[in-house]
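Student: Encoded as structure tokens, here's the structure I'll be asking about.
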Amino acid sequence: MPFVTRNLFATFKIIKIFNMKYISFVALVAVLGTSCNSKTSSKSTTIIYENDVLAPVETLAPNTNYKPAFVGQTRIGAVKTKSDYKTKMLTNQLEKPWGITALPDGRFIITQKKGTLRIANSAGQLSEPITGLPPVNSDGQGGLLDIVPDPLFPENRMLYWTFSEKTSQGNLTSVAKGKLAANEKTIEGAIVIYRATPGYRGTLHYGSRILFDSSGHLIFSTGERSDMETRPQAQDLNSALGKIIRITTDGKPAAGNPFLKNSKARPELYSFGHRNVQGLALHPITGDLWENEFGPRGGDEVNLIQPGKNYGWPTITYGYEYSGEKIGEAITQKDGLEQPVYYWDPVSSPSGMTFYSGDAIPEWKNNLFIAGLSSQHIIRLVIENNKVTGEERLLESENQRFRDVAEGTDGALYAVTDSGRLYRIGK
Ligand SMILES: [Ca+2]
């Protein structure tokens, strides 16, 4: 009975993974029953049901020997979308797209790394490159990064974006704003409103995503610029590196920021201890701010951001150095430092992300969708009560480095890839 042996082995392995949490006696009997009766046993070796919880999507060995702080912090059981949805590549003519955001009229504004914008409609037709933005330094991981329209865009045509800027003091992440001209060929009156100093000569770990919060202020992210020289600044409240930052549309510290009364901290800071924040999104129901960030080798994270909190880097991490060496004291938890809600080891290279708020695919409602770079798929995370309860991989067969994903006004998801593709995923 080789199939039964395999099924029993798989069952016990899954029990170990889930620590008996999701496996009922009934489910166990169901699996054993399947193994005895099934002619094709391959499915029953990998799939075990209770409340639609399957074995985790990740099957590769982790890079570290670290253990999660709580059950479900990594390698949660898989979920699978039951609704019909279609995936369509709308165009492959974008040039290194980096950020995509819906405009109120149903079209999209898309950044291209080298410093221009494109507008796409939901059929994938592209405008000519839009110029008139301040020069970007697109070396390494830099360039024109993320973009967001003003909440009053239909009236004022204002756009806000982040980019890597070369200055005499080194390269840095900056925020600029400008008005989309009526002919949609240029940006008018573009000015830099904020510079995340200090500058540094490297070209890695700039962040960056940008969005508006419910009070009309800008929230954006930076990175710690990767090198050992700048890494400690993620913990330094007098540096803008490795931070989430909240400013007014004029680039001033926003009212209500957590460090306004701390004379040793920069008043624009919102949270700290970040490595390289590549995704930001507001939860459609709670309004909470969520982020993702690149870990080193292992330890990519999803965090629920609370103002003033320390997210740990580089003091605590679920990853090793790329060389395989351990980082700092090789600890994953410490009092006063926040735990990620979820992490990946091996890494997924999470980039832009969005919560799904549409009605077209009801089972996706309030799920988090994350563009995966090296992992080459779109990650779907089901989140309940601020815990991840399921993970799915979408568009794996496309073999694309997904850079950003946004929700359209039509209730579909739209994703851009490093090779220049724009996808529509929806009904
Ligand atoms: Ca962290």
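Simple scheme: letters A, B, ... for chains in structure tokens order, numbers from 1 for residues in each chain, numbers from 1 for ligands in the order shown.
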Set the cut-off to 7 Å, count only C-alpha atoms and all ligand atoms, and list whatever residues fall near ligand 1 as a PyMOL selection string.
Tutor: chain A and resi 273-274+301+311-313+316-317+338-340
Student: Produce a table with one row for each residue of stretch 312-427 of chain A that has an atom at most 12 Å from any atom of stretch 296-300 of chain A, each row naming the nearest atom pair and its distance in Å at one decimal; use only C-alpha atoms; arrange rows by chain and rising residue number; format as a tab-separated table.
Tutor:
```
residue	atom	partner	partner_atom	distance
A:Gly312	CA	A:Gly299	CA	11.8
A:Trp313	CA	A:Pro296	CA	10.3
A:Pro314	CA	A:Pro296	CA	9.9
A:Ile316	CA	A:Gly299	CA	10.0
A:Thr317	CA	A:Gly299	CA	6.3
A:Tyr318	CA	A:Gly299	CA	4.2
A:Gly319	CA	A:Gly298	CA	4.1
A:Tyr320	CA	A:Arg297	CA	5.1
A:Glu321	CA	A:Arg297	CA	5.7
A:Tyr322	CA	A:Arg297	CA	5.2
A:Ser323	CA	A:Arg297	CA	8.3
A:Gly324	CA	A:Arg297	CA	7.5
A:Glu325	CA	A:Arg297	CA	9.6
A:Lys326	CA	A:Arg297	CA	9.9
A:Ile327	CA	A:Pro296	CA	9.3
A:Thr332	CA	A:Gly299	CA	9.7
A:Gln339	CA	A:Gly299	CA	11.3
A:Pro340	CA	A:Asp300	CA	9.2
A:Val341	CA	A:Asp300	CA	11.0
A:Tyr342	CA	A:Asp300	CA	8.4
A:Tyr343	CA	A:Asp300	CA	5.4
A:Trp344	CA	A:Asp300	CA	5.3
A:Asp345	CA	A:Gly298	CA	4.2
A:Pro346	CA	A:Gly298	CA	4.9
A:Val347	CA	A:Gly298	CA	5.0
A:Ser348	CA	A:Asp300	CA	6.8
A:Ser349	CA	A:Asp300	CA	6.7
A:Pro350	CA	A:Asp300	CA	7.2
A:Ser351	CA	A:Asp300	CA	10.4
A:Gly372	CA	A:Asp300	CA	11.0
A:Leu373	CA	A:Asp300	CA	11.9
A:Ser374	CA	A:Asp300	CA	11.8
A:Ser375	CA	A:Asp300	CA	11.6
```
Student: I'd like the neighbourhood of stretch 55-60 of chain A as a PyMOL selection string, where a residue qualifies if any of its atoms comes within 6 Å (using only C-alpha atoms), though same-chain residues fewer than 2 positions away should be ignored.
Tutor: chain A and resi 75-78
Student: Give me, as an MDAnalysis selection string, the residues of stretch 148-226 of chain A that a backbone DSSP run labels strand (DSSP E).
Tutor: chainID A and resid 148:149 158:167 170:180 187:200 210:212 218:221
Student: Would you mind exporting C-alpha atoms of the selected residues as a PDB file, in the first residue's frame?
Tutor:
```
ATOM      1  CA  VAL A 148      -0.610  59.267  -6.176  1.00  0.00           C
ATOM      2  CA  PRO A 149      -3.260  61.702  -7.435  1.00  0.00           C
ATOM      3  CA  MET A 158      -2.351  67.611  -8.917  1.00  0.00           C
ATOM      4  CA  LEU A 159      -0.056  64.585  -8.698  1.00  0.00           C
ATOM      5  CA  TYR A 160       2.489  63.678  -5.974  1.00  0.00           C
ATOM      6  CA  TRP A 161       5.371  61.297  -6.555  1.00  0.00           C
ATOM      7  CA  THR A 162       8.564  59.923  -5.016  1.00  0.00           C
ATOM      8  CA  PHE A 163      11.879  59.590  -6.815  1.00  0.00           C
ATOM      9  CA  SER A 164      15.601  59.149  -6.335  1.00  0.00           C
ATOM     10  CA  GLU A 165      17.365  62.470  -6.575  1.00  0.00           C
ATOM     11  CA  LYS A 166      21.066  63.126  -7.069  1.00  0.00           C
ATOM     12  CA  THR A 167      22.327  66.011  -4.945  1.00  0.00           C
ATOM     13  CA  GLY A 170      24.589  62.195  -2.315  1.00  0.00           C
ATOM     14  CA  ASN A 171      21.467  60.428  -3.573  1.00  0.00           C
ATOM     15  CA  LEU A 172      18.209  60.485  -1.649  1.00  0.00           C
ATOM     16  CA  THR A 173      14.485  59.725  -1.826  1.00  0.00           C
ATOM     17  CA  SER A 174      12.513  62.901  -2.560  1.00  0.00           C
ATOM     18  CA  VAL A 175       8.850  63.840  -2.906  1.00  0.00           C
ATOM     19  CA  ALA A 176       7.600  66.236  -5.609  1.00  0.00           C
ATOM     20  CA  LYS A 177       4.270  67.546  -6.797  1.00  0.00           C
ATOM     21  CA  GLY A 178       2.982  69.049 -10.023  1.00  0.00           C
ATOM     22  CA  LYS A 179      -0.080  69.586 -12.148  1.00  0.00           C
ATOM     23  CA  LEU A 180      -0.994  67.359 -15.087  1.00  0.00           C
ATOM     24  CA  ILE A 187       3.630  68.182 -15.752  1.00  0.00           C
ATOM     25  CA  GLU A 188       3.348  71.881 -14.971  1.00  0.00           C
ATOM     26  CA  GLY A 189       5.034  73.683 -12.083  1.00  0.00           C
ATOM     27  CA  ALA A 190       6.745  70.594 -10.647  1.00  0.00           C
ATOM     28  CA  ILE A 191       8.522  71.277  -7.349  1.00  0.00           C
ATOM     29  CA  VAL A 192      10.302  69.116  -4.786  1.00  0.00           C
ATOM     30  CA  ILE A 193       8.427  69.360  -1.463  1.00  0.00           C
ATOM     31  CA  TYR A 194      10.513  67.013   0.723  1.00  0.00           C
ATOM     32  CA  ARG A 195      13.976  65.432   0.745  1.00  0.00           C
ATOM     33  CA  ALA A 196      14.655  62.377   2.927  1.00  0.00           C
ATOM     34  CA  THR A 197      18.112  63.341   4.107  1.00  0.00           C
ATOM     35  CA  PRO A 198      20.907  62.533   4.638  1.00  0.00           C
ATOM     36  CA  GLY A 199      22.003  61.800   1.091  1.00  0.00           C
ATOM     37  CA  TYR A 200      24.267  58.855   0.441  1.00  0.00           C
ATOM     38  CA  ILE A 210       3.248  57.088  -1.424  1.00  0.00           C
ATOM     39  CA  LEU A 211      -0.439  57.462  -0.568  1.00  0.00           C
ATOM     40  CA  PHE A 212      -2.911  59.892   0.981  1.00  0.00           C
ATOM     41  CA  LEU A 218       0.851  62.246   2.403  1.00  0.00           C
ATOM     42  CA  ILE A 219       2.400  59.079   3.795  1.00  0.00           C
ATOM     43  CA  PHE A 220       5.448  57.669   2.044  1.00  0.00           C
ATOM     44  CA  SER A 221       8.289  55.273   2.742  1.00  0.00           C
TER      45      SER A 221
END
```
Student: DSSP on the backbone: what in stretch 154-400 of chain A comes out helix (DSSP H, G or I), as a VMD selection string?
Tutor: chain A and resid 154 to 156 231 to 235 362 to 364 396 to 398
Student: Write a file of the just-selected residues containing N, CA and C atoms, as a compact mmCIF listing (two decimals), in the first residue's frame.
Tutor:
```
# COMPACT_ATOMS: atom_id res chain seq x y z
N PRO A 154 -9.83 65.60 -9.85
CA PRO A 154 -10.68 66.08 -10.96
C PRO A 154 -10.74 67.61 -11.02
N GLU A 155 -10.59 68.26 -9.86
CA GLU A 155 -10.64 69.72 -9.86
C GLU A 155 -9.26 70.35 -10.04
N ASN A 156 -8.24 69.78 -9.34
CA ASN A 156 -6.94 70.49 -9.34
C ASN A 156 -5.84 69.82 -10.18
N ARG A 231 22.90 51.56 7.48
CA ARG A 231 21.89 50.67 8.07
C ARG A 231 21.45 51.11 9.48
N PRO A 232 22.38 51.49 10.38
CA PRO A 232 21.94 51.86 11.74
C PRO A 232 20.98 53.05 11.77
N GLN A 233 20.94 53.82 10.67
CA GLN A 233 20.05 55.00 10.66
C GLN A 233 18.57 54.62 10.66
N ALA A 234 18.26 53.37 10.37
CA ALA A 234 16.86 52.94 10.48
C ALA A 234 16.36 53.12 11.91
N GLN A 235 17.31 53.07 12.89
CA GLN A 235 16.94 53.24 14.30
C GLN A 235 17.16 54.68 14.79
N PRO A 362 -16.27 38.73 -4.78
CA PRO A 362 -16.57 38.93 -3.35
C PRO A 362 -15.59 38.24 -2.41
N GLU A 363 -15.07 37.07 -2.80
CA GLU A 363 -14.18 36.36 -1.85
C GLU A 363 -12.83 37.06 -1.70
N TRP A 364 -12.54 38.03 -2.56
CA TRP A 364 -11.29 38.80 -2.44
C TRP A 364 -11.45 40.03 -1.54
N GLU A 396 1.33 32.83 -11.47
CA GLU A 396 2.65 32.20 -11.42
C GLU A 396 3.16 31.82 -12.81
N SER A 397 2.23 31.38 -13.67
CA SER A 397 2.65 30.87 -14.98
C SER A 397 3.12 31.98 -15.93
N GLU A 398 2.90 33.24 -15.54
CA GLU A 398 3.34 34.35 -16.41
C GLU A 398 4.85 34.58 -16.34
```
Student: Taking 3 positions as the minimum chain separation for residues in the same chain, which residues sit within 10 Å of A:Ile245 when counting only C-alpha atoms? Answer as a list in words.
Tutor: Ala196, Ile210, Leu218, Ile219, Phe220, Ser221, Thr222, Ala240, Leu241, Gly242, Pro253, Ala254, Asn257, Arg266, Pro267, Glu268, Leu269, Tyr270, Ser271, Phe272 and Pro307 of chain A
Student: For A:Leu237, which residue out of A:Leu280, A:Val416, A:Ala69, A:Ala265 is the nearest one, using only C-alpha atoms?
Tutor: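 Using only C-alpha atoms, the shortest distance to A:Leu237 belongs to A:Ala265.
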Student: Rounded to one decimal place, report the atom CA of A:His205-atom CA of A:Val136 distance in Å.
Tutor: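 Atom CA of A:Val136 lies at a distance of 15.0 Å from atom CA of A:His205.
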Student: Within 10 Å of A:Gly352, counting only C-alpha atoms, which residues qualify if same-chain residues fewer than 3 places away don't, as a VMD selection string?
Tutor: chain A and resid 98 to 100 146 208 to 209 277 to 281 291 to 293 369 to 373 402 to 406 415 to 416
Student: Please list as a count of residues only every residue within 12 Å of A:Phe108, counting only C-alpha atoms and excluding residues in the same chain fewer than 6 positions away.
Tutor: 30
